[in-house]
There are 2 protein chains.
Amino acid sequence: MGSLYPHYEEENYSSNTANLLNPEEFRRQGHMIIDFIADYYQNMEKYPVLSQVQPDYLAQLLPKSAPNIPEPIETILHDIQQYIIPGITHWQSPNYFAYFPSSGSIAGFLGEVLSTGFNVVGFNWISSPAATELEFVTMDWLGQMLGLPQSFLFSGTGGVAARDQMLAKVGRENMGKLVIYGSDQTHSKVAGLECKNFRAIKTMRSTAFQLSAESLRTTIRLDVEAGLIPAFLCATIGTTSTTAVDPIRSLSEVTKEYGMWIHVDAAYAGSACICPEYRHFIDGAENVNSFSFNAHKWFFTTLDCCCLWVKDPGALTKSLSASAEFLKNNASDSKQVVDYKDWQITLSRRFRSMKLWLVLRSYGVENLRNFLRSHVKMAKLVVPRNFAMVCFRVLPTTLKKEPNGCKKTVNASGKIFMTHTIVEGIYVIRFAVGATLTEDKHVIKAWKVVQETVGGMLATI
Amino acid sequence: MGSLYPHYEEENYSSNTANLLNPEEFRRQGHMIIDFIADYYQNMEKYPVLSQVQPDYLAQLLPKSAPNIPEPIETILHDIQQYIIPGITHWQSPNYFAYFPSSGSIAGFLGEVLSTGFNVVGFNWISSPAATELEFVTMDWLGQMLGLPQSFLFSGTGGVAARDQMLAKVGRENMGKLVIYGSDQTHSKVAGLECKNFRAIKTMRSTAFQLSAESLRTTIRLDVEAGLIPAFLCATIGTTSTTAVDPIRSLSEVTKEYGMWIHVDAAYAGSACICPEYRHFIDGAENVNSFSFNAHKWFFTTLDCCCLWVKDPGALTKSLSASAEFLKNNASDSKQVVDYKDWQITLSRRFRSMKLWLVLRSYGVENLRNFLRSHVKMAKLVVPRNFAMVCFRVLPTTLKKEPNGCKKTVNASGKIFMTHTIVEGIYVIRFAVGATLTEDKHVIKAWKVVQETVGGMLATI
């Protein structure tokens with residue numbers, strides 16, 4: 001071991017931290033890791049896409065405490081190959097069709113690696129002007145690609161601002177009366193407001209699980225009559241269950257009437273809206289208060305990268321600004337710069353715009369559109385779909401009361417990985433195309449796996 | 001340009017996403033990025049540590065919209081060198097002494113790069129068992145190194161749980177009555193509770209800015225008499241201003257009396273407590289509800305990596321669990337696994353334990369202790385200090401009413417970067433040792449820069 005770590009040769013203990021970032025050692029180990037990951041991508045299809053390990057497998061394999069002396073990178077990489085990779089569910093596999101994609105790319109990877117190398121903490125402008133300013137530039141580029149109105153600039157956290165804006169209007173003593181709205185398809189982990197004040201408004205299969213303006217208005221009226229205060233609506237473009245699309249324009253007319261904050265959560269489907277033919281899904285965006293989409297889902301940018309545009313950043317910074325003495329500096333005092341610490345709950349902030357900027361530059365707008373189109377095209381199986389996800393089910397008569405039988409068998413094979421949902425009491429399989437490495441042939445193979453599995457189930461009846 | 005991108009040669013537009021993760025192209029560009037970053041570390045001292053750009057410099061240099069066609073990585077790297085690096089404040093520079101360190105290392109870098117390569121979204125066990133289980137292992141290793149009691153396991157978000165636990169006891173209608181406590185040195189961005197219910201208890205220079213149990217008790221008594229409900233205390237080990245240490249044991253006796261949640265925020269100084277000689281700073285840790293420290297500050301792990309131990313994870317998961325149908329799976333149903341989505345506000349979760357695991361293995365416990373000791377030793381300048389930060393000031397008579405004169409001049413030189421604070425009305429410079437590349441010679445040089453600057457100020461009087 002010693003020979004691999006020349007500075008540990010004489011004795012195993014060192015106190016010279018500068019060696020921890022020695023450029024030549026960095027280069028040597030850095031190249032090793034790149035080859036390791038390249039090999040991982042090369043061998044991807046040899047691994048079962050869904051990890052087949054049993055709970056608690058890893059604690060059995062690893063030591064009970066940290067080593068006292070250094071271990072060489074070769075040993076560590078060997079362990080990762082041996083012990084970690086079998087416990088990975090391969091989101092980058094071409095056979096991954098579960099949840100929503102986590103579509104990586106070389107450019108997204110390089111961008112993340114660069115920010116990791118710089119390792120700056122961009123909480124205010126002075127702490128790395130480029131980190132703040134590249135975020136403006138990139139968010140504006142992307143905002144244009146989505147056709148968002150000029151009034152939308154930069155990022156933050158909508159919910160807290162909506163709450164505080166309303167509280168400023170009605171008084172903090174009314175906090176318990178605020179109500180937030182969404183459909184029963186809204187995916188949200190809501191903190192800070194009491195859950196009994198969240199209305200999950202019913203949607204229906206017959207209207208494609210859209211939240212209708214009529215239902216919203218009816219629900220709000222009942223609340224207002226009961227002395228409550230409508231504060232916030234979360235409309236979704238591409239729900240998690242079935243990629244349903246709420247009609248922003250008609251919903252925003254209702255929220256406007258009541259002076260509510262309306263947020264558009266286009267986490268998954270927002271990316272598709274950079275294509276002119278899908279832009280209509282976010283018609284009415286000029287009427288909303290905030291709009292978000294996750295570039296780490298279906299936009300070739302590695303986890304995590306949530307893009308949020310807010311019409312009135314002042315509503316955010318009023319709720320979230322921090323002004324400890326140690327943060328003060330001339331640039332901030334001049335009010336000529338943005339300090340992103342005031343746009344978020346935490347203080348620390350990663351240099352996330354770098355990877356998004358690299359994705360936009362490395363691929364260009366037209367290719368990005370074509371990439372998304374190719375996924376939508378691949379998802380053209382047997383039934384209608386929005387975007388690149390298909391929901392289908394095996395007829396209940398085939399299933400002998402085991403609605404998840406098909407999915408379970410398919411996933412256990414390790415050949416493909418799909419997930420499910422239940423809508424209107426019906427169990428359906430979600431098949432989400434969007435992994436970067438997926439090509440036509442993988443979808444065709446996947447469909448064959450499903451057919452064969454169902455065939456096998458029929459044969460055993 | 002075309003020749004660099006063979007698959008764009010015939011026309012500039014592609015729809016084959018598989019090329020975005022082509023292993024050979026990944027290898028080529030990956031090696032380029034490693035060399036780019038290695039060169040960056042090699043040239044680090046040639047750059048002014050504090051970026052010298054003016055507000056809005058970048059928007060002037062970059063195009064107003066995203067390119068339509070792909071740009072080669074060579075062009076992009078050229079632009080990063082030319083336009084981005086001048087806007088970076090070099091947190092990895094050996095001349096960086098501002099805020100708290102963001103101490104990177106080769107192992108931390110490699111770990112982050114690996115998780116970026118795997119790009120899994122570890123919100124539940126099944127989505128990548130290794131991501132969940134490596135987090136147990138690593139947190140347990142680290143917990144042992146800190147001498148935390150056996151009852152401390154795994155991570156999450158303490159504040160929300162504390163609030164909800166108390167609300168369950170006293171009723172949600174009393175939300176507005178909950179009070180949280182800290183000292184006037186506590187660094188916190190508190191959301192979800194009204195700010196008028198945060199008590200920043202006064203501390204004093206004469207008692208090294210510690211929060212005393214006596215002051216806490218007095219403040220709580222007044223609140224209880226006023227009909228309010230004490231809910232949460234945040235004690236700090238190593239405050240941001242002066243690295244003051246609150247006495248956990250005596251404070252925890254007070255919180256126990258009132259059934260409050262006590263959290264220990266050891267964000268910066270927690271790492272030092274892996275050394276036996278500093279462990280006494282967290283004496284009494286067995287009495288607290290939760291304990292956190294940031295491995296990305298002074299523990300050679302890249303941003304972000306906040307480690308949180310909670311005695312009763314049930315208090316967390318009760319507040320934060322998400323149970324949409326699409327998340328259900330056999331492993332979760334079996335209750336034999338942990339789903340980290342239930343420990344945090346967001347659903348998505350990065351594979352953060354990988355980098356911490358690599359740091360622990362690559363350097364080993366004894367070296368890590370020695371690294372921290374070397375920083376503490378380097379900070380041994382003229383005045384007493386806890387840990388590796390020195391606070392000092394230039395005598396007011398030298399400063400002609402410009403208390404920030406010395407810091408301003410020094411930082412503008414680009415030679416070193418320091419920040420300041422104000423305590424008891426006194427402006428003091430904070431000099432935080434801890435950047436990985438800092439060696440004795442850099443501290444000696446920095447001190448000389450300070451002396452020369454002050455000398456210059458004297459001469460101009």
# chains A, B, ... in the order shown; residues from 1 in each chain; ligands from 1
>>> interface_residues(of="chain A", to="chain B", cutoff="6 Å", atoms="only C-alpha atoms", output="PyMOL selection string")
chain A and resi 13-15+17-18+20-21+23+26-27+30-31+34+38+41-42+65-71+84+87-89+91+105-106+120+127-130+141+192+325-326+361-367+370-371+420-421+436-437
>>> select_by_dssp(residues="stretch 95-332 of chain A", states="alpha helix (DSSP H)", output="PyMOL selection string")
chain A and resi 106-118+129-145+158-170+213-225+248-257+295-298+313-320+330-332
>>> atom_distance(atom1="atom CA of B:Ala272", atom2="atom CA of B:Phe97")
17.5 Å
>>> closest_residue(among="B:Phe392, B:Phe299, B:Phe387, B:Tyr96", to="B:Met44", atoms="only C-alpha atoms")
B:Tyr96
>>> residues_around(residues="A:Ala269", least_positions_apart="4", cutoff="8 Å", atoms="only C-alpha atoms", output="ChimeraX atom specification")
/A:237-238,243,273,293,298,387
>>> residues_around(residues="stretch 445-457 of chain A", least_positions_apart="6", cutoff="10 Å", atoms="only C-alpha atoms", output="VMD selection string")
chain A and resid 95 to 97 381 394 to 395 398 to 400 405 to 407 409 to 410 413 415 to 418 431
